[in-house]
>>> print(open('run_1.cif').read())   # mmCIF, C-alpha atoms and all ligand atoms
data_model
loop_
_atom_site.label_atom_id
_atom_site.label_comp_id
_atom_site.auth_asym_id
_atom_site.auth_seq_id
_atom_site.Cartn_x
_atom_site.Cartn_y
_atom_site.Cartn_z
CA MET H 1 0.00 0.00 0.00
CA PRO H 2 2.47 2.69 -1.05
CA CYS H 3 -0.33 5.25 -1.34
CA ALA H 4 -1.04 5.42 2.38
CA ALA H 5 2.60 6.14 3.21
CA GLY H 6 2.92 8.75 0.51
CA PHE H 7 -0.14 10.45 1.84
CA ALA H 8 1.16 10.80 5.36
CA ALA H 9 4.26 12.54 4.05
CA GLU H 10 2.43 14.95 1.81
CA GLY H 11 -1.01 15.26 3.35
CA SER H 12 -0.90 19.02 3.87
CA ARG H 13 -0.72 19.64 0.13
CA PHE H 14 -4.30 18.47 -0.20
CA GLN H 15 -5.90 21.28 1.79
CA PRO H 16 -7.77 23.90 -0.25
CA LYS H 17 -6.80 27.31 1.12
CA THR H 18 -10.19 28.95 1.09
CA GLU H 19 -12.04 26.91 3.73
CA ARG H 20 -14.29 28.80 6.18
CA ARG H 21 -15.22 31.46 3.63
CA THR H 22 -18.87 30.87 3.03
CA ASN H 23 -20.23 33.74 0.94
CA LYS H 24 -21.34 32.79 -2.51
CA LYS H 25 -18.41 34.29 -4.42
CA ASN H 26 -15.77 32.61 -2.28
CA ILE H 27 -17.47 29.23 -2.38
CA ARG H 28 -16.95 29.27 -6.12
CA VAL H 29 -13.24 29.86 -5.52
CA LEU H 30 -13.30 26.98 -3.08
CA ALA H 31 -14.84 24.64 -5.65
CA ALA H 32 -12.05 25.48 -8.10
CA THR H 33 -9.36 25.00 -5.43
CA LEU H 34 -10.96 21.73 -4.45
CA PHE H 35 -10.63 20.50 -8.01
CA LEU H 36 -6.89 21.20 -7.81
CA ALA H 37 -6.72 19.20 -4.57
CA TYR H 38 -8.36 16.31 -6.43
CA GLY H 39 -5.65 16.52 -9.09
CA ASP H 40 -3.01 16.15 -6.39
CA MET H 41 -4.83 13.28 -4.71
CA LYS H 42 -5.10 11.48 -8.02
CA LYS H 43 -1.35 11.76 -8.57
CA MET H 44 -0.79 10.07 -5.20
CA GLU H 45 -3.16 7.24 -6.19
CA SER H 46 -4.63 7.24 -2.71
CA HIS H 47 -7.63 4.99 -3.10
CA ALA H 48 -10.15 4.47 -0.35
CA PRO H 49 -9.11 1.49 1.77
CA ALA H 50 -10.45 -1.80 0.41
CA LYS H 51 -11.50 -0.17 -2.86
CA GLY H 52 -9.45 -0.68 -5.96
CA LYS H 53 -9.41 1.36 -9.12
CA LEU H 54 -12.56 1.19 -11.27
CA TYR H 55 -14.73 -0.93 -9.00
CA LYS H 56 -18.32 -1.65 -9.94
CA GLY H 57 -20.51 1.34 -9.06
CA THR H 58 -23.75 1.91 -7.17
CA GLU H 59 -26.61 4.08 -8.49
CA PRO H 60 -26.70 7.02 -9.16
CA HIS H 61 -22.93 7.28 -9.52
CA GLY H 62 -21.12 5.77 -12.49
CA ALA H 63 -21.07 2.21 -13.73
CA LEU H 64 -17.44 2.12 -12.58
CA LEU H 65 -16.01 4.17 -9.76
CA THR H 66 -12.72 5.15 -8.20
CA THR H 67 -12.78 6.75 -4.75
CA TYR H 68 -9.87 8.82 -3.44
CA VAL H 69 -9.41 10.04 0.11
CA ASN H 70 -6.91 12.55 1.48
CA ASN H 71 -4.78 12.01 4.56
CA PRO H 72 -7.23 13.23 7.25
CA ALA H 73 -10.03 11.18 5.67
CA LEU H 74 -7.84 8.07 5.47
CA ALA H 75 -6.84 8.45 9.12
CA ALA H 76 -10.50 8.72 10.18
CA ILE H 77 -11.44 5.54 8.28
CA LYS H 78 -8.46 3.57 9.58
CA GLY H 79 -8.89 4.84 13.16
CA LYS H 80 -12.70 4.28 13.13
CA LYS H 81 -13.19 7.85 14.32
CA GLY H 82 -16.98 7.90 13.87
CA THR H 83 -16.90 11.14 11.88
CA MET H 84 -14.52 12.78 9.43
CA PRO H 85 -12.40 15.70 10.69
CA ALA H 86 -12.45 19.20 9.16
CA GLY H 87 -10.24 19.17 6.09
CA ALA H 88 -11.25 15.66 5.01
CA ILE H 89 -11.74 15.28 1.26
CA VAL H 90 -13.40 12.31 -0.44
CA VAL H 91 -13.44 12.23 -4.24
CA LYS H 92 -15.38 9.89 -6.45
CA GLU H 93 -14.63 9.50 -10.13
CA ASN H 94 -17.74 8.36 -11.99
CA TYR H 95 -17.05 6.35 -15.15
CA MET H 96 -19.24 5.20 -18.04
CA PRO H 97 -19.38 1.44 -18.77
CA ASP H 98 -16.75 2.03 -21.50
CA LYS H 99 -14.35 3.44 -18.84
CA LYS H 100 -14.78 7.02 -20.05
CA LEU H 101 -14.70 9.50 -17.14
CA ALA H 102 -18.17 11.12 -16.90
CA ALA H 103 -18.08 13.23 -13.73
CA ILE H 104 -16.18 13.92 -10.54
CA THR H 105 -18.07 14.25 -7.27
CA VAL H 106 -16.42 15.56 -4.12
CA MET H 107 -17.23 15.93 -0.42
CA TYR H 108 -15.11 18.35 1.58
CA LYS H 109 -15.56 18.85 5.34
CA VAL H 110 -15.41 22.48 6.45
CA ALA H 111 -15.81 23.23 10.20
CA GLY H 112 -19.10 25.03 10.86
CA TYR H 113 -20.13 25.13 7.20
CA ASN H 114 -23.45 23.25 7.50
CA PRO H 115 -23.87 21.51 10.90
CA GLU H 116 -27.19 19.82 10.01
CA GLY H 117 -25.58 18.39 6.89
CA GLY H 118 -22.45 17.09 8.58
CA ASP H 119 -20.48 20.24 7.60
CA TRP H 120 -19.93 18.85 4.11
CA PHE H 121 -19.30 21.06 1.08
CA TRP H 122 -20.55 19.15 -2.00
CA ALA H 123 -19.23 19.53 -5.51
CA LYS H 124 -19.75 17.94 -8.88
CA TYR H 125 -17.48 18.60 -11.88
CA THR H 126 -17.20 17.65 -15.50
CA PRO H 127 -13.93 15.81 -16.31
CA ASP H 128 -12.33 19.12 -17.36
CA GLY H 129 -13.22 20.84 -14.09
CA LYS H 130 -16.40 22.75 -14.91
CA VAL H 131 -18.48 23.09 -11.73
CA GLU H 132 -21.93 21.52 -12.08
CA ALA H 133 -23.00 21.57 -8.43
CA GLU H 134 -21.43 23.12 -5.36
CA GLY H 135 -22.07 24.02 -1.76
CA LYS H 136 -24.97 22.91 0.44
CA SER H 137 -28.10 23.98 -1.47
CA GLY H 138 -29.50 24.00 -5.00
CA MET H 139 -28.10 20.98 -6.84
CA ALA H 140 -26.31 19.94 -3.66
CA ASP H 141 -29.72 19.33 -1.99
CA MET H 142 -29.90 16.19 -4.09
CA CYS H 143 -26.53 14.99 -2.82
CA ILE H 144 -27.49 15.65 0.80
CA GLY H 145 -30.93 14.07 0.34
CA CYS H 146 -29.46 10.75 -0.66
CA HIS H 147 -26.29 10.79 1.43
CA GLY H 148 -28.48 11.69 4.43
CA LYS H 149 -29.44 8.00 4.52
CA ALA H 150 -25.84 7.36 5.54
CA LYS H 151 -25.94 10.01 8.28
CA GLY H 152 -24.89 7.43 10.88
CA ASN H 153 -21.62 7.08 8.96
CA ASP H 154 -21.13 10.86 8.59
CA PHE H 155 -23.02 10.94 5.23
CA LEU H 156 -20.49 8.53 3.70
CA TYR H 157 -21.31 5.28 1.93
CA THR H 158 -17.69 4.26 1.35
CA GLY H 159 -15.45 3.57 4.33
CA GLU H 160 -16.88 2.42 7.66
CA LEU H 161 -16.17 5.05 10.29
CA LYS H 162 -17.21 2.91 13.27
C1 LIG H 201 -29.55 8.65 -4.96
C2 LIG H 201 -28.41 8.63 -4.05
C3 LIG H 201 -27.20 9.51 -4.26
C4 LIG H 201 -27.13 10.80 -4.74
C5 LIG H 201 -28.26 11.68 -5.24
C6 LIG H 201 -25.73 11.18 -4.66
N1 LIG H 201 -24.98 10.16 -4.16
FE1 LIG H 201 -22.98 10.21 -3.83
N2 LIG H 201 -23.01 8.23 -3.32
C7 LIG H 201 -24.14 7.43 -3.29
C8 LIG H 201 -23.74 6.05 -3.03
C9 LIG H 201 -24.67 4.86 -2.91
C10 LIG H 201 -22.33 6.06 -2.93
C11 LIG H 201 -21.40 4.86 -2.75
C12 LIG H 201 -21.00 4.37 -4.11
C13 LIG H 201 -19.99 3.24 -4.09
O1 LIG H 201 -18.84 3.47 -3.69
O2 LIG H 201 -20.33 2.15 -4.49
C14 LIG H 201 -21.92 7.45 -3.09
C15 LIG H 201 -20.61 7.88 -3.00
C16 LIG H 201 -20.20 9.20 -3.06
C17 LIG H 201 -18.89 9.68 -2.74
C18 LIG H 201 -17.73 8.85 -2.17
C19 LIG H 201 -17.90 8.82 -0.66
C20 LIG H 201 -19.05 7.95 -0.22
O3 LIG H 201 -20.01 8.48 0.39
O4 LIG H 201 -19.03 6.75 -0.50
C21 LIG H 201 -18.88 11.03 -2.97
C22 LIG H 201 -17.71 11.98 -2.79
C23 LIG H 201 -20.20 11.38 -3.43
N3 LIG H 201 -20.99 10.24 -3.46
C24 LIG H 201 -20.58 12.66 -3.77
C25 LIG H 201 -21.85 13.01 -4.22
C26 LIG H 201 -22.22 14.33 -4.67
C27 LIG H 201 -21.30 15.55 -4.70
C28 LIG H 201 -23.53 14.27 -5.05
C29 LIG H 201 -24.40 15.35 -5.64
C30 LIG H 201 -23.91 16.05 -6.81
C31 LIG H 201 -23.98 12.89 -4.81
N4 LIG H 201 -22.93 12.16 -4.30
C32 LIG H 201 -25.26 12.42 -5.03
C33 LIG H 201 -25.44 7.86 -3.44
C34 LIG H 201 -25.82 9.11 -3.91
#
>>> encode(input="run_1.cif", output="structure tokens", more="lines below")
Ligand code: HEC
Amino acid sequence: MPCAAGFAAEGSRFQPKTERRTNKKNIRVLAATLFLAYGDMKKMESHAPAKGKLYKGTEPHGALLTTYVNNPALAAIKGKKGTMPAGAIVVKENYMPDKKLAAITVMYKVAGYNPEGGDWFWAKYTPDGKVEAEGKSGMADMCIGCHGKAKGNDFLYTGELK
């Protein structure tokens, strides 16, 4: 598992700099920064524990999925922390059956951002980084609505936290 070790050494690189700014304009900046963090995570090949690359997906995400986690998220899963800490990033790549990347969905934990929604900032991107959904309302309502069923695991389906 070389990815886990690499993570620990370089974990700080995966933190978007604009967390805690919650007005509409800055959230857009955050979504763009978050996409850069995803690029870094991808380079490290830090897959969610027990999930390989391109595993068979669950509706409504892609037919094939790859899930990446950053260092704080990985530590919370491994340590069975119950919830993810602020700064945790979980990225899901959603692929078509022909292995073509269709969308990138991201959850980013920002302290105090949305307490009733687990403080998650939600984002969905096209493969080239265009933001299709972001934040905690509008399109993100849909994300929260479904992920709310996994509230007992801090809104996460992948990675048991307890
Ligand atoms: C109808 C239910 C549903 C909706 C709507 C939904 N998701 Fe998911 N999401 C899931 C399921 C189920 C998984 C686990 C998939 C797997 O790994 O097999 C998942 C996984 C994820 C993951 C990986 C972490 C985890 O929880 O396993 C992220 C990140 C994610 N979704 C983001 C989003 C975002 C962002 C949106 C909105 C744009 C969204 N999801 C909408 C059901 C949903």
>>> atom_distance(input="run_1.cif", atom1="atom N1 of ligand LIG 201 (chain H)", atom2="atom CA of Gly79 of chain H")
24.2 Å
>>> residues_near_ligand(input="run_1.cif", ligand="ligand LIG 201 (chain H)", cutoff="7 Å", atoms="all atoms listed in the file", output="PyMOL selection string")
chain H and resi 56-61+65+67+90-92+105-107+122-124+133+139-140+142-143+145-147+155-159
>>> atom_distance(input="run_1.cif", atom1="atom CA of Ala31 of chain H", atom2="atom CA of Lys149 of chain H")
24.4 Å
>>> atom_distance(input="run_1.cif", atom1="atom CA of Leu34 of chain H", atom2="atom CA of Asp119 of chain H")
15.4 Å
>>> closest_residue(input="run_1.cif", among="H:Glu116, H:Asp98, H:Glu93, H:Glu160", to="Gly39 of chain H", atoms="only C-alpha atoms")
H:Glu93
>>> closest_residue(input="run_1.cif", among="H:Asn114, H:Ala75, H:Gly62, H:Met96", to="Ser137 of chain H", atoms="only C-alpha atoms")
H:Asn114
>>> closest_atom_pairs(input="run_1.cif", of="segment 32-96 of chain H", to="segment 151-154 of chain H", cutoff="9 Å", atoms="all atoms listed in the file", output="JSON lines")
{"residue": "H:Gly82", "atom": "CA", "partner": "H:Asn153", "partner_atom": "CA", "distance": 6.8}
{"residue": "H:Thr83", "atom": "CA", "partner": "H:Asp154", "partner_atom": "CA", "distance": 5.4}
{"residue": "H:Met84", "atom": "CA", "partner": "H:Asp154", "partner_atom": "CA", "distance": 6.9}
>>> closest_residue(input="run_1.cif", among="H:Ala37, H:Tyr68, H:Ile144, H:Gly135", to="Gly52 of chain H", atoms="only C-alpha atoms")
H:Tyr68
>>> residues_around(input="run_1.cif", residues="Tyr125 of chain H", least_positions_apart="4", cutoff="9 Å", atoms="only C-alpha atoms", output="ChimeraX atom specification")
/H:35,103-106,129-134
>>> residues_around(input="run_1.cif", residues="Lys81 of chain H", least_positions_apart="4", cutoff="7 Å", atoms="all atoms listed in the file", output="list in words")
Ala76, Ile77, Leu161 and Lys162 of chain H
>>> write_last_selection(input="run_1.cif", atoms="C-alpha atoms", output="PDB file, in the frame of the given file")
ATOM      1  CA  ALA H  76     -10.500   8.720  10.180  1.00  0.00           C
ATOM      2  CA  ILE H  77     -11.440   5.540   8.280  1.00  0.00           C
ATOM      3  CA  LEU H 161     -16.170   5.050  10.290  1.00  0.00           C
ATOM      4  CA  LYS H 162     -17.210   2.910  13.270  1.00  0.00           C
TER       5      LYS H 162
END
>>> closest_residue(input="run_1.cif", among="H:Gly117, H:Gly112, H:Gly87, H:Pro127", to="Lys100 of chain H", atoms="all atoms listed in the file")
H:Pro127
>>> closest_residue(input="run_1.cif", among="H:Leu101, H:Leu54, H:Ile89, H:Leu64", to="Met41 of chain H", atoms="all atoms listed in the file")
H:Ile89
>>> closest_residue(input="run_1.cif", among="H:Asp40, H:Leu74, H:Ala102, H:Ala86", to="Pro115 of chain H", atoms="all atoms listed in the file")
H:Ala86
>>> axis_aligned_box(input="run_1.cif", around="segment 95-104 of chain H", padding_each_side="6 Å", output="JSON")
{"center_x": -16.9, "center_y": 7.7, "center_z": -16.0, "size_x": 17.0, "size_y": 24.5, "size_z": 23.0}
>>> decode(input="run_1.cif", residues="segment 88-102 of chain H", atoms="N, CA and C atoms", output="PDB file, in the first residue's frame")
ATOM      1  N   ALA H  88     -11.151  16.943   5.728  1.00  0.00           N
ATOM      2  CA  ALA H  88     -11.249  15.663   5.013  1.00  0.00           C
ATOM      3  C   ALA H  88     -11.821  15.883   3.610  1.00  0.00           C
ATOM      4  N   ILE H  89     -11.253  15.215   2.634  1.00  0.00           N
ATOM      5  CA  ILE H  89     -11.742  15.279   1.256  1.00  0.00           C
ATOM      6  C   ILE H  89     -11.939  13.854   0.745  1.00  0.00           C
ATOM      7  N   VAL H  90     -13.115  13.599   0.192  1.00  0.00           N
ATOM      8  CA  VAL H  90     -13.395  12.312  -0.444  1.00  0.00           C
ATOM      9  C   VAL H  90     -13.841  12.608  -1.872  1.00  0.00           C
ATOM     10  N   VAL H  91     -13.165  11.994  -2.823  1.00  0.00           N
ATOM     11  CA  VAL H  91     -13.439  12.232  -4.240  1.00  0.00           C
ATOM     12  C   VAL H  91     -13.915  10.939  -4.881  1.00  0.00           C
ATOM     13  N   LYS H  92     -14.954  11.057  -5.690  1.00  0.00           N
ATOM     14  CA  LYS H  92     -15.375   9.890  -6.448  1.00  0.00           C
ATOM     15  C   LYS H  92     -15.329  10.216  -7.928  1.00  0.00           C
ATOM     16  N   GLU H  93     -14.610   9.394  -8.671  1.00  0.00           N
ATOM     17  CA  GLU H  93     -14.625   9.497 -10.131  1.00  0.00           C
ATOM     18  C   GLU H  93     -15.716   8.574 -10.638  1.00  0.00           C
ATOM     19  N   ASN H  94     -16.593   9.111 -11.468  1.00  0.00           N
ATOM     20  CA  ASN H  94     -17.736   8.361 -11.986  1.00  0.00           C
ATOM     21  C   ASN H  94     -17.490   8.049 -13.465  1.00  0.00           C
ATOM     22  N   TYR H  95     -17.371   6.755 -13.778  1.00  0.00           N
ATOM     23  CA  TYR H  95     -17.054   6.350 -15.147  1.00  0.00           C
ATOM     24  C   TYR H  95     -18.248   5.710 -15.861  1.00  0.00           C
ATOM     25  N   MET H  96     -18.261   5.880 -17.186  1.00  0.00           N
ATOM     26  CA  MET H  96     -19.238   5.201 -18.036  1.00  0.00           C
ATOM     27  C   MET H  96     -18.815   3.731 -18.159  1.00  0.00           C
ATOM     28  N   PRO H  97     -19.738   2.861 -18.611  1.00  0.00           N
ATOM     29  CA  PRO H  97     -19.376   1.435 -18.768  1.00  0.00           C
ATOM     30  C   PRO H  97     -18.143   1.236 -19.661  1.00  0.00           C
ATOM     31  N   ASP H  98     -17.912   2.169 -20.618  1.00  0.00           N
ATOM     32  CA  ASP H  98     -16.749   2.027 -21.503  1.00  0.00           C
ATOM     33  C   ASP H  98     -15.476   2.641 -20.895  1.00  0.00           C
ATOM     34  N   LYS H  99     -15.497   2.906 -19.594  1.00  0.00           N
ATOM     35  CA  LYS H  99     -14.353   3.437 -18.839  1.00  0.00           C
ATOM     36  C   LYS H  99     -14.027   4.889 -19.165  1.00  0.00           C
ATOM     37  N   LYS H 100     -14.963   5.600 -19.780  1.00  0.00           N
ATOM     38  CA  LYS H 100     -14.780   7.020 -20.053  1.00  0.00           C
ATOM     39  C   LYS H 100     -15.214   7.777 -18.792  1.00  0.00           C
ATOM     40  N   LEU H 101     -14.377   8.708 -18.334  1.00  0.00           N
ATOM     41  CA  LEU H 101     -14.702   9.496 -17.140  1.00  0.00           C
ATOM     42  C   LEU H 101     -15.885  10.416 -17.443  1.00  0.00           C
ATOM     43  N   ALA H 102     -16.954  10.341 -16.642  1.00  0.00           N
ATOM     44  CA  ALA H 102     -18.168  11.119 -16.902  1.00  0.00           C
ATOM     45  C   ALA H 102     -18.294  12.311 -15.958  1.00  0.00           C
TER      46      ALA H 102
END
